[in-house]
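Participant: Here you go, work-v1.txt (compact mmCIF, C-alpha atoms):
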# COMPACT_ATOMS: atom_id res chain seq x y z
CA MET L 1 0.00 0.00 0.00
CA THR L 2 2.71 2.45 0.97
CA HIS L 3 4.62 1.52 -2.19
CA ILE L 4 1.60 2.45 -4.32
CA MET L 5 1.22 5.75 -2.48
CA ILE L 6 4.90 6.59 -2.94
CA ALA L 7 4.74 5.68 -6.63
CA LEU L 8 1.66 7.89 -7.06
CA SER L 9 3.32 10.77 -5.26
CA ILE L 10 6.45 10.47 -7.42
CA LEU L 11 4.26 10.47 -10.53
CA CYS L 12 2.42 13.59 -9.33
CA ILE L 13 5.63 15.46 -8.47
CA LEU L 14 7.21 14.55 -11.81
CA GLY L 15 4.06 15.79 -13.55
CA GLY L 16 4.38 19.00 -11.56
CA PHE L 17 7.99 19.39 -12.73
CA PHE L 18 6.90 18.80 -16.34
CA PHE L 19 4.25 21.53 -16.17
CA PHE L 20 6.66 23.93 -14.44
CA THR L 21 9.12 23.36 -17.29
CA THR L 22 6.52 23.91 -20.02
CA ALA L 23 5.21 27.04 -18.28
CA THR L 24 8.73 28.46 -18.05
CA ILE L 25 9.44 27.67 -21.71
CA GLY L 26 6.18 29.42 -22.59
CA LEU L 27 7.11 32.43 -20.50
CA LEU L 28 10.46 32.70 -22.25
CA ARG L 29 9.40 32.01 -25.85
CA PHE L 30 5.84 33.32 -26.35
CA PRO L 31 5.56 36.60 -28.27
CA ASP L 32 3.56 39.01 -26.10
CA PHE L 33 2.13 39.81 -22.67
CA PHE L 34 -1.15 37.89 -22.89
CA THR L 35 0.25 34.66 -24.32
CA ARG L 36 3.00 34.63 -21.71
CA LEU L 37 0.43 35.21 -18.99
CA HIS L 38 -1.65 32.39 -20.42
CA ALA L 39 1.30 29.96 -20.28
CA THR L 40 2.38 30.81 -16.75
CA GLY L 41 -1.14 31.21 -15.39
CA LYS L 42 -2.32 27.80 -16.49
CA GLY L 43 0.93 25.84 -16.31
CA ASP L 44 2.05 27.07 -12.91
CA THR L 45 -1.38 26.55 -11.36
CA LEU L 46 -1.51 22.91 -12.42
CA ALA L 47 2.17 22.38 -11.56
CA VAL L 48 1.80 23.73 -8.02
CA PHE L 49 -1.36 21.69 -7.56
CA LEU L 50 0.29 18.46 -8.75
CA SER L 51 3.45 19.02 -6.67
CA LEU L 52 1.48 19.71 -3.49
CA ILE L 53 -0.85 16.74 -4.04
CA GLY L 54 2.23 14.56 -4.56
CA LEU L 55 3.70 15.76 -1.27
CA ALA L 56 0.37 15.16 0.50
CA LEU L 57 0.23 11.59 -0.87
CA TYR L 58 3.81 10.98 0.32
CA GLU L 59 2.86 12.21 3.79
CA GLY L 60 -0.13 9.85 4.05
CA PHE L 61 -3.17 10.56 6.22
CA SER L 62 -1.96 13.15 8.73
CA LEU L 63 -2.44 16.73 9.79
CA SER L 64 0.44 17.87 7.56
CA ALA L 65 -1.24 16.29 4.53
CA LEU L 66 -4.47 18.13 5.37
CA LYS L 67 -2.58 21.43 5.59
CA ILE L 68 -0.91 20.76 2.23
CA VAL L 69 -4.30 20.01 0.64
CA ILE L 70 -5.70 23.26 2.06
CA ILE L 71 -2.72 25.16 0.59
CA ALA L 72 -3.33 23.43 -2.77
CA VAL L 73 -7.01 24.48 -2.79
CA PHE L 74 -6.00 28.03 -1.85
CA MET L 75 -3.44 28.20 -4.67
CA PHE L 76 -5.91 26.69 -7.13
CA MET L 77 -8.33 29.55 -6.45
CA ALA L 78 -5.89 32.41 -5.92
CA GLN L 79 -3.59 31.91 -8.89
CA PRO L 80 -6.19 32.11 -11.72
CA THR L 81 -7.72 35.13 -9.99
CA ALA L 82 -4.36 36.88 -9.89
CA THR L 83 -3.77 36.03 -13.56
CA HIS L 84 -7.21 37.40 -14.40
CA ALA L 85 -6.53 40.64 -12.51
CA ILE L 86 -3.15 41.12 -14.22
CA SER L 87 -4.64 40.53 -17.69
CA ARG L 88 -7.46 43.01 -16.98
CA ALA L 89 -4.90 45.55 -15.87
CA GLY L 90 -3.04 44.93 -19.17
CA ILE L 91 -6.23 45.52 -21.20
CA ARG L 92 -6.95 48.73 -19.26
CA ARG L 93 -3.39 49.90 -19.87
CA GLY L 94 -4.03 49.54 -23.61
CA ILE L 95 -1.76 46.61 -24.46
CA LYS L 96 -2.77 45.20 -27.84
CA PRO L 97 -2.94 41.38 -28.14
CA TRP L 98 -0.44 39.89 -30.57
CA VAL L 99 -1.84 38.59 -33.88
CA LYS L 100 -0.25 36.17 -36.28
CA GLY L 101 2.31 37.68 -38.64
CA GLU L 102 3.33 40.59 -36.42
CA GLU L 103 6.82 41.13 -35.10
CA LYS L 104 7.45 39.85 -31.59
CA MET X 105 -7.96 57.16 -4.32
CA ILE X 106 -8.77 53.50 -4.91
CA ILE X 107 -12.34 52.86 -6.06
CA SER X 108 -14.19 49.55 -5.93
CA SER X 109 -13.29 47.06 -8.66
CA ASP X 110 -16.07 46.45 -11.21
CA ASP X 111 -15.00 42.82 -11.69
CA ILE X 112 -17.19 40.28 -9.90
CA ILE X 113 -14.55 37.50 -9.99
CA ILE X 114 -11.90 39.49 -8.16
CA LYS X 115 -14.39 40.87 -5.63
CA THR X 116 -15.92 37.48 -4.85
CA ILE X 117 -12.60 35.68 -4.47
CA ALA X 118 -11.27 38.45 -2.24
CA ARG X 119 -14.42 38.33 -0.12
CA ILE X 120 -14.08 34.55 0.28
CA PHE X 121 -10.35 34.72 1.06
CA VAL X 122 -10.18 37.53 3.61
CA PRO X 123 -11.62 35.51 6.56
CA PHE X 124 -9.29 32.58 5.83
CA ILE X 125 -6.27 34.87 5.59
CA GLN X 126 -7.20 36.36 8.96
CA LEU X 127 -7.68 32.90 10.46
CA PHE X 128 -4.22 31.94 9.21
CA ALA X 129 -2.82 35.13 10.72
CA LEU X 130 -4.28 34.18 14.11
CA TYR X 131 -2.73 30.70 13.71
CA VAL X 132 0.66 32.25 12.99
CA ILE X 133 0.38 34.47 16.05
CA MET X 134 -0.78 31.71 18.41
CA HIS X 135 1.63 29.09 17.07
CA GLY X 136 4.63 31.39 17.31
CA HIS X 137 6.18 29.46 20.20
CA TYR X 138 6.42 26.19 18.31
CA SER X 139 6.90 27.07 14.65
CA PRO X 140 8.16 29.98 12.57
CA GLY X 141 5.95 32.99 13.07
CA GLY X 142 4.88 35.24 15.87
CA GLY X 143 3.51 38.68 16.46
CA PHE X 144 5.21 40.57 13.64
CA GLN X 145 4.50 38.02 10.94
CA GLY X 146 0.90 37.44 12.03
CA GLY X 147 0.31 41.16 12.24
CA VAL X 148 1.62 41.69 8.73
CA ILE X 149 -0.68 38.93 7.43
CA LEU X 150 -3.65 40.55 9.23
CA GLY X 151 -2.71 43.90 7.69
CA ALA X 152 -2.32 42.28 4.26
CA SER X 153 -5.86 40.88 4.46
CA LEU X 154 -7.19 44.39 5.07
CA VAL X 155 -5.03 45.75 2.21
CA LEU X 156 -6.57 43.08 -0.05
CA LEU X 157 -10.03 44.26 1.02
CA LEU X 158 -9.01 47.85 0.26
CA ILE X 159 -7.66 47.23 -3.23
CA THR X 160 -10.63 45.08 -4.28
CA HIS X 161 -13.57 46.79 -2.61
CA GLY X 162 -12.37 50.37 -2.66
CA TYR X 163 -11.66 52.96 -0.06
CA GLU X 164 -15.28 53.79 0.84
CA GLU X 165 -16.20 50.20 1.71
CA MET X 166 -12.97 49.77 3.66
CA ARG X 167 -13.60 52.92 5.67
CA ARG X 168 -17.14 51.75 6.43
CA ARG X 169 -15.82 48.45 7.82
CA VAL X 170 -12.55 49.58 9.38
CA PRO X 171 -12.64 53.28 10.26
CA GLU X 172 -9.30 55.02 10.44
CA GLY X 173 -9.87 56.05 14.05
CA ALA X 174 -10.32 52.38 14.97
CA VAL X 175 -7.01 51.52 13.27
CA ILE X 176 -5.12 54.16 15.24
CA LEU X 177 -6.91 53.05 18.42
CA LEU X 178 -5.91 49.41 17.77
CA GLY X 179 -2.29 50.39 17.26
CA SER X 180 -2.27 52.30 20.52
CA LEU X 181 -3.98 49.37 22.25
CA GLY X 182 -1.26 47.02 21.01
CA LEU X 183 1.44 49.30 22.36
CA LEU X 184 -0.47 49.56 25.64
CA ILE X 185 -0.68 45.75 25.95
CA TYR X 186 3.06 45.41 25.27
CA SER X 187 4.22 48.11 27.64
CA GLY X 188 1.52 47.21 30.19
CA ILE X 189 2.73 43.62 30.50
CA GLY X 190 6.33 44.78 30.61
CA LEU X 191 5.68 47.36 33.31
CA THR X 192 3.57 44.91 35.33
CA CYS X 193 6.59 42.61 35.48
CA LEU X 194 8.70 45.59 36.54
CA LEU X 195 6.22 46.50 39.29
CA LEU X 196 6.12 42.93 40.58
CA GLY X 197 9.85 43.06 41.28
CA GLY X 198 11.44 41.56 38.16
CA ASN X 199 13.10 43.03 35.11
CA TYR X 200 11.16 44.64 32.28
CA LEU X 201 9.31 41.83 30.36
CA ASP X 202 10.39 39.23 32.95
CA TYR X 203 7.23 37.15 32.50
CA SER X 204 7.90 34.69 35.29
CA GLN X 205 6.92 37.41 37.79
CA LEU X 206 3.37 37.23 36.38
CA SER X 207 2.86 33.89 38.15
CA VAL X 208 1.84 35.83 41.27
CA ILE X 209 -1.12 37.41 39.45
CA LEU X 210 -2.09 34.49 37.20
CA HIS X 211 -1.79 31.83 40.00
CA VAL X 212 0.19 29.39 37.82
CA ASP X 213 3.76 28.18 37.99
CA PRO X 214 6.46 30.42 36.44
CA ALA X 215 6.87 28.29 33.28
CA HIS X 216 3.20 28.69 32.35
CA ALA X 217 3.35 32.37 33.27
CA ARG X 218 6.22 32.80 30.78
CA ALA X 219 4.21 31.15 27.98
CA MET X 220 1.15 33.31 28.69
CA GLY X 221 3.23 36.46 28.95
CA ILE X 222 4.86 35.83 25.58
CA LEU X 223 1.40 35.21 24.05
CA GLY X 224 0.15 38.52 25.44
CA ILE X 225 3.20 40.36 24.12
CA GLU X 226 2.72 38.81 20.68
CA LEU X 227 -0.95 39.82 20.59
CA GLY X 228 0.08 43.37 21.38
CA VAL X 229 2.78 43.36 18.70
CA ALA X 230 0.31 41.89 16.16
CA PHE X 231 -2.24 44.66 16.83
CA ALA X 232 0.41 47.36 16.53
CA VAL X 233 1.91 45.95 13.31
CA MET X 234 -1.53 45.47 11.72
CA ALA X 235 -2.46 49.04 12.55
CA ALA X 236 0.84 50.35 11.18
CA VAL X 237 0.50 48.42 7.87
CA CYS X 238 -3.12 49.57 7.44
CA SER X 239 -2.36 53.15 8.36
CA ILE X 240 0.61 53.37 5.96
CA PHE X 241 -1.43 51.87 3.13
CA PHE X 242 -4.37 54.22 3.82
CA ASP X 243 -2.04 57.20 3.66
CA ILE X 244 -0.30 56.04 0.48
CA SER X 245 -3.52 55.15 -1.36
CA THR X 246 -5.26 58.43 -0.56
CA GLY X 247 -2.21 60.64 -0.89
CA GLY X 248 -2.87 61.79 2.67
CA ILE X 249 -6.11 63.55 1.58
CA LEU X 250 -9.31 62.15 3.06
CA PRO X 251 -12.59 62.51 1.09
CA GLU X 252 -14.15 64.81 3.68
CA ASP X 253 -11.18 67.17 3.38
CA GLU X 254 -11.95 67.69 -0.30
CA LYS X 255 -15.55 68.81 0.28
Is it possible to give me this structure as structure tokens?
Facilitator:
Amino acid sequence: MTHIMIALSILCILGGFFFFTTATIGLLRFPDFFTRLHATGKGDTLAVFLSLIGLALYEGFSLSALKIVIIAVFMFMAQPTATHAISRAGIRRGIKPWVKGEEK
Amino acid sequence: MIISSDDIIIKTIARIFVPFIQLFALYVIMHGHYSPGGGFQGGVILGASLVLLLITHGYEEMRRRVPEGAVILLGSLGLLIYSGIGLTCLLLGGNYLDYSQLSVILHVDPAHARAMGILGIELGVAFAVMAAVCSIFFDISTGGILPEDEK
């Protein structure tokens, strides 16, 4: 049983690493503000969620695992909201979205 | 001056989060003996929750819920708690902030009196820090000019 839990947690944490990597590549290589925000907003949210769930699975049923799950739920709600607020601020500031064919 | 956001997502999430942030701040204050944290950190988190309320719901709503006079009063109360406990220890014959002297008043052994004294001090520090953070952010966001001054 513990072996299955540890295997699951390793899978979750590796998935978290994968999404962190893709989000960072998106942040570095996408052309403009909104696409970069899209990459980091979505990728980092899922990556943090997967990493924390992996840690909670490794911990097993305990108070620490409950705290980690609460942090994961908090991040899962707070991070998209922050992304949303930043993108609205960008629109208000007058940043034009990138369209295909333009210079970066 | 900061006006209320017209975005329902941001306002709703902020409204849901503020009580939990304040609960976590109280946890940080109370758990300061055993884990990282304490009065300063908890006070800053309390202040940050009120700053979140201010930047999402605007200055008018914030002033309706947390008047500026109450903030200044809370800061003074925190300082009074801190110096009051310290001076009580001094009056009871110990050094300033020597909590073990409080065992005479609290009717517990000196070790428990130390724990309770530290908790009281941290509550005082938390109130003072929260009031300072709020007061600084009020002043920055309004430019020091209150709406009734403009009328």
Participant: Rounded to one decimal place, report the atom CA of Ser87 of chain L-atom CA of Thr35 of chain L distance in Å.
Facilitator: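 Taking atom CA of Ser87 of chain L and atom CA of Thr35 of chain L, their separation equals 10.1 Å.
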Participant: In terms of the shortest atom-to-atom distance over only C-alpha atoms, which of X:Val229, X:Ala217, X:Ile149, X:Ala118 is closest to chain L?
Facilitator: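 With only C-alpha atoms as the atom set, the closest residue is X:Ala118.
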Participant: Taking all atoms listed in the file into account, find every residue of chain X that has an atom no more than 12 Å from chain L, and write it out as a PyMOL selection string.
Facilitator: chain X and resi 109-122+124-125+128+156+159-160
Participant: When you draw a straight line from atom CA of Phe33 of chain L to atom CA of Cys12 of chain L, how long is it in Å?
Facilitator: 29.4 Å
Participant: Hey, can you check how far atom CA of Thr22 of chain L sits from atom CA of Gly90 of chain L?
Facilitator: 23.1 Å
Participant: I want to know what sits within 9 Å of Ile107 of chain X, based on only C-alpha atoms, with residues of the same chain fewer than 4 positions away left out; could you give that as a list in words?
Facilitator: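 Using only C-alpha atoms, the neighbours found are Leu158, Ile159, Thr160, His161, Gly162, Tyr163 and Glu164 of chain X.
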Participant: Do you know which residues are at most 10 Å from Ile4 of chain L counting all atoms listed in the file, after dropping those on the same chain fewer than 5 positions away, and could you put them as JSON, numbers by chain?
Facilitator: {"L": [9, 10, 57, 58]}
Participant: Please save C-alpha atoms of the selected residues as a short mmCIF file (atom, residue, chain, number, x, y, z; two decimals), in the coordinates of the input.
Facilitator:
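The resulting result-v7.cif:
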data_model
loop_
_atom_site.label_atom_id
_atom_site.label_comp_id
_atom_site.auth_asym_id
_atom_site.auth_seq_id
_atom_site.Cartn_x
_atom_site.Cartn_y
_atom_site.Cartn_z
CA SER L 9 3.32 10.77 -5.26
CA ILE L 10 6.45 10.47 -7.42
CA LEU L 57 0.23 11.59 -0.87
CA TYR L 58 3.81 10.98 0.32
#
Participant: Could you give me, as a PyMOL selection string, the residues that sit within 10 Å of (1.4, 20.1, -4.1) in the file's coordinates, counting all atoms listed in the file?
Facilitator: chain L and resi 9+12-13+16+46-57+65+68-73+75
Participant: Give me, as a PyMOL selection string, all polymer residues having an atom no more than 7 Å from segment 185-193 of chain X, counting all atoms listed in the file and skipping those fewer than 5 positions away in the same chain.
Facilitator: chain X and resi 198-203+205-206+225+228-229
Participant: Using all atoms listed in the file, find the one residue out of X:Phe231, X:Ser204, X:Gly182, X:Met166 that sits nearest to Ser108 of chain X.
Facilitator: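 Of all the options, X:Met166 lies closest to Ser108 of chain X.
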Participant: Which polymer residues have any atom within 12 Å of an atom of Val99 of chain L, counting all atoms listed in the file, with same-chain residues fewer than 4 positions away left out, as a list of chain:residue names?
Facilitator: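 Using all atoms listed in the file, the neighbours found are L:Phe30, L:Pro31, L:Asp32, L:Phe33, L:Phe34, L:Thr35, L:Glu103, L:Lys104.
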Participant: Just checking: using only C-alpha atoms, which residue out of X:Leu196, X:Glu172, X:Met234, X:Arg167 ends up closest to Val148 of chain X?
Facilitator: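 Looking at the shortest contact to Val148 of chain X, the residue is X:Met234.
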Participant: Return the single residue from X:Tyr138, X:Gln145, X:Ile133, X:Ile176 that is closest to Phe242 of chain X, with distances computed using all atoms listed in the file.
Facilitator: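 Checking each candidate against Phe242 of chain X, we get X:Ile176 as the closest.
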Participant: Taking all atoms of segment 162-172 of chain X that the file lists, what box with edges along x, y and z, padded by 3 Å per side, do you get, with centre and edge lengths in Å to one decimal, as JSON?
Facilitator:
{"center_x": -13.2, "center_y": 51.7, "center_z": 3.9, "size_x": 13.8, "size_y": 12.6, "size_z": 19.1}
Participant: Pick the closest to Leu27 of chain L from L:Ser64, L:Gly41, L:Gly15, L:Gly94: which is it, counting all atoms listed in the file?
Facilitator: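 Comparing L:Ser64, L:Gly41, L:Gly15, L:Gly94 against Leu27 of chain L, the winner is L:Gly41.
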Participant: Between X:Val170, X:Val175, X:Ala219, X:Ile106, which one has atoms that come closest to Val233 of chain X, using all atoms listed in the file?
Facilitator: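 Smallest separation from Val233 of chain X among the options: X:Val175.
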